[in-house]
Amino acid sequence: MATVEEHSHSFLAESWPFLEPINTACYTNAKLLENDLPVMRVFHDHDGEWQFLSGDIEEGDTCKLICFGCIYERTPDIAILKSLPVGWMAERSSIDGVWNCEPYKREEDEG
């Protein structure tokens, strides 16, 4: 798994809830970052990587890399997903909504 250069965050390292290192590189969408949107959909990809999205990706929205610690800092309630298995996704319909988790198929597995 790729990492980014280590840097500081506003939370104590001892409180980090995930198994992956804090500086693990994750994917997000530009719309989430540029508009300070909450995380509404999460994928723990089949290869172990994480995606944190504001919702559906729309045409023109670009993929961005972000530090796992930085996305957690922005939306600390994602800690509840610390045990999301590889190959699963989670989504919620509102910022206060319950996370619904389920396995998902990779695009190359669909056919």
# chains A, B, ... in the order shown; residues from 1 in each chain; ligands from 1
$ residues_around --residues "segment 85-100 of chain A" --least-positions-apart "6" --cutoff "10 Å" --atoms "only C-alpha atoms" --output "list in words"
Leu37, Pro38, Val39, Met40, Arg41, Val42, Phe43, His44, Asp45, His46, Asp47, Gly48, Glu49, Trp50, Gln51, Phe52, Leu53, Ser54, Gly55, Thr75, Asp77, Ile78 and Arg106 of chain A
$ write_last_selection --atoms "N, CA, C and O atoms" --output "short mmCIF file (atom, residue, chain, number, x, y, z; two decimals), in the first residue's frame"
data_model
loop_
_atom_site.label_atom_id
_atom_site.label_comp_id
_atom_site.auth_asym_id
_atom_site.auth_seq_id
_atom_site.Cartn_x
_atom_site.Cartn_y
_atom_site.Cartn_z
N LEU A 37 -17.14 18.62 1.64
CA LEU A 37 -18.29 17.74 1.78
C LEU A 37 -17.96 16.57 2.71
O LEU A 37 -16.80 16.17 2.83
N PRO A 38 -18.96 15.99 3.34
CA PRO A 38 -18.71 14.83 4.20
C PRO A 38 -18.54 13.56 3.39
O PRO A 38 -18.97 13.47 2.24
N VAL A 39 -17.92 12.58 3.99
CA VAL A 39 -17.79 11.26 3.39
C VAL A 39 -19.15 10.56 3.48
O VAL A 39 -19.72 10.45 4.56
N MET A 40 -19.65 10.13 2.34
CA MET A 40 -20.95 9.47 2.28
C MET A 40 -20.86 8.04 1.76
O MET A 40 -21.77 7.25 1.95
N ARG A 41 -19.77 7.71 1.11
CA ARG A 41 -19.58 6.37 0.54
C ARG A 41 -18.12 5.97 0.71
O ARG A 41 -17.22 6.77 0.44
N VAL A 42 -17.91 4.75 1.17
CA VAL A 42 -16.56 4.24 1.43
C VAL A 42 -16.42 2.87 0.76
O VAL A 42 -17.31 2.03 0.86
N PHE A 43 -15.29 2.67 0.11
CA PHE A 43 -14.95 1.37 -0.46
C PHE A 43 -13.65 0.89 0.16
O PHE A 43 -12.68 1.66 0.22
N HIS A 44 -13.64 -0.34 0.66
CA HIS A 44 -12.40 -0.98 1.06
C HIS A 44 -12.12 -1.98 -0.06
O HIS A 44 -12.66 -3.08 -0.09
N ASP A 45 -11.36 -1.51 -1.03
CA ASP A 45 -11.17 -2.22 -2.29
C ASP A 45 -10.62 -3.63 -2.12
O ASP A 45 -9.98 -3.95 -1.11
N HIS A 46 -10.85 -4.44 -3.13
CA HIS A 46 -10.39 -5.82 -3.13
C HIS A 46 -8.87 -5.93 -3.00
O HIS A 46 -8.37 -6.96 -2.57
N ASP A 47 -8.15 -4.90 -3.36
CA ASP A 47 -6.69 -4.90 -3.21
C ASP A 47 -6.24 -4.28 -1.88
O ASP A 47 -5.05 -4.10 -1.65
N GLY A 48 -7.20 -3.94 -1.01
CA GLY A 48 -6.88 -3.41 0.30
C GLY A 48 -6.86 -1.89 0.39
O GLY A 48 -6.77 -1.33 1.48
N GLU A 49 -6.94 -1.20 -0.75
CA GLU A 49 -6.95 0.26 -0.73
C GLU A 49 -8.31 0.78 -0.31
O GLU A 49 -9.30 0.07 -0.37
N TRP A 50 -8.33 2.03 0.14
CA TRP A 50 -9.56 2.67 0.62
C TRP A 50 -9.94 3.83 -0.29
O TRP A 50 -9.06 4.56 -0.77
N GLN A 51 -11.25 4.00 -0.49
CA GLN A 51 -11.80 5.16 -1.20
C GLN A 51 -12.83 5.82 -0.29
O GLN A 51 -13.68 5.13 0.27
N PHE A 52 -12.74 7.14 -0.18
CA PHE A 52 -13.68 7.92 0.63
C PHE A 52 -14.30 8.98 -0.28
O PHE A 52 -13.61 9.89 -0.73
N LEU A 53 -15.59 8.84 -0.54
CA LEU A 53 -16.25 9.67 -1.55
C LEU A 53 -17.41 10.45 -0.95
O LEU A 53 -18.02 10.04 0.04
N SER A 54 -17.73 11.56 -1.61
CA SER A 54 -18.86 12.38 -1.17
C SER A 54 -20.19 11.81 -1.62
O SER A 54 -21.24 12.28 -1.21
N GLY A 55 -20.16 10.82 -2.43
CA GLY A 55 -21.36 10.19 -3.00
C GLY A 55 -20.98 9.64 -4.35
O GLY A 55 -19.85 9.22 -4.57
N THR A 75 -13.51 13.76 8.82
CA THR A 75 -14.76 13.04 9.09
C THR A 75 -14.47 11.91 10.08
O THR A 75 -14.41 10.74 9.71
N ASP A 77 -16.16 10.33 12.16
CA ASP A 77 -17.15 9.27 12.36
C ASP A 77 -16.93 8.07 11.44
O ASP A 77 -17.58 7.04 11.61
N ILE A 78 -15.98 8.15 10.51
CA ILE A 78 -15.65 6.98 9.69
C ILE A 78 -14.96 5.91 10.54
O ILE A 78 -14.82 4.77 10.09
N ARG A 106 -16.14 -6.23 -8.13
CA ARG A 106 -15.26 -5.40 -8.95
C ARG A 106 -15.84 -5.31 -10.36
O ARG A 106 -16.52 -6.23 -10.81
#
$ select_by_dssp --residues "chain A" --states "helix (DSSP H, G or I)" --output "ChimeraX atom specification"
/A:13-15,30-34,68-74,76-81,107-109
$ write_last_selection --atoms "C-alpha atoms" --output "mmCIF file, in the first residue's frame"
data_model
loop_
_atom_site.group_PDB
_atom_site.id
_atom_site.type_symbol
_atom_site.label_atom_id
_atom_site.label_comp_id
_atom_site.auth_asym_id
_atom_site.auth_seq_id
_atom_site.Cartn_x
_atom_site.Cartn_y
_atom_site.Cartn_z
ATOM 1 C CA ALA A 13 -1.716 8.854 17.178
ATOM 2 C CA GLU A 14 -2.741 6.514 20.022
ATOM 3 C CA SER A 15 -6.399 7.108 19.159
ATOM 4 C CA ALA A 30 -12.060 16.447 -5.802
ATOM 5 C CA LYS A 31 -15.619 17.600 -5.114
ATOM 6 C CA LEU A 32 -15.341 16.337 -1.515
ATOM 7 C CA LEU A 33 -12.104 18.241 -0.931
ATOM 8 C CA GLU A 34 -12.952 21.444 -2.776
ATOM 9 C CA PHE A 68 -5.845 8.349 5.595
ATOM 10 C CA GLY A 69 -5.243 10.449 8.710
ATOM 11 C CA CYS A 70 -6.375 13.605 6.924
ATOM 12 C CA ILE A 71 -9.666 12.063 5.764
ATOM 13 C CA TYR A 72 -10.233 10.746 9.306
ATOM 14 C CA GLU A 73 -9.481 14.211 10.664
ATOM 15 C CA ARG A 74 -12.118 15.694 8.317
ATOM 16 C CA PRO A 76 -13.892 11.216 12.335
ATOM 17 C CA ASP A 77 -17.151 9.270 12.362
ATOM 18 C CA ILE A 78 -15.646 6.977 9.695
ATOM 19 C CA ALA A 79 -13.929 5.247 12.644
ATOM 20 C CA ILE A 80 -17.019 3.058 12.888
ATOM 21 C CA LEU A 81 -15.868 1.489 9.584
ATOM 22 C CA GLU A 107 -16.082 -4.037 -12.408
ATOM 23 C CA GLU A 108 -13.924 -6.726 -14.026
ATOM 24 C CA ASP A 109 -15.970 -9.416 -12.176
#
$ atom_distance --atom1 "atom CA of Pro21 of chain A" --atom2 "atom CA of Cys67 of chain A"
9.7 Å
$ closest_residue --among "A:Leu84, A:Ile22, A:Cys101, A:Leu65" --to "Ser8 of chain A" --atoms "only C-alpha atoms"
A:Ile22
$ closest_residue --among "A:Glu102, A:Thr28, A:Phe18, A:Asn23" --to "Glu6 of chain A" --atoms "only C-alpha atoms"
A:Asn23
$ select_by_dssp --residues "segment 31-98 of chain A" --states "strand (DSSP E)" --output "PDB file with C-alpha atoms, in the first residue's frame"
ATOM      1  CA  ARG A  41     -19.585   6.367   0.537  1.00  0.00           C
ATOM      2  CA  VAL A  42     -16.556   4.236   1.426  1.00  0.00           C
ATOM      3  CA  PHE A  43     -14.953   1.366  -0.460  1.00  0.00           C
ATOM      4  CA  HIS A  44     -12.396  -0.983   1.061  1.00  0.00           C
ATOM      5  CA  TRP A  50      -9.558   2.669   0.622  1.00  0.00           C
ATOM      6  CA  GLN A  51     -11.797   5.156  -1.204  1.00  0.00           C
ATOM      7  CA  PHE A  52     -13.683   7.921   0.626  1.00  0.00           C
ATOM      8  CA  LEU A  53     -16.248   9.674  -1.548  1.00  0.00           C
ATOM      9  CA  CYS A  63      -9.771  11.411  -8.348  1.00  0.00           C
ATOM     10  CA  LYS A  64      -7.415  12.755  -5.668  1.00  0.00           C
ATOM     11  CA  LEU A  65      -5.005  11.141  -3.229  1.00  0.00           C
ATOM     12  CA  ILE A  66      -5.367  11.976   0.448  1.00  0.00           C
ATOM     13  CA  CYS A  67      -3.687  10.791   3.605  1.00  0.00           C
ATOM     14  CA  TRP A  88     -16.932  -4.269   1.005  1.00  0.00           C
ATOM     15  CA  MET A  89     -18.490  -0.844   0.704  1.00  0.00           C
ATOM     16  CA  ALA A  90     -20.425   1.351   3.114  1.00  0.00           C
ATOM     17  CA  GLU A  91     -22.776   4.223   2.380  1.00  0.00           C
TER      18      GLU A  91
END
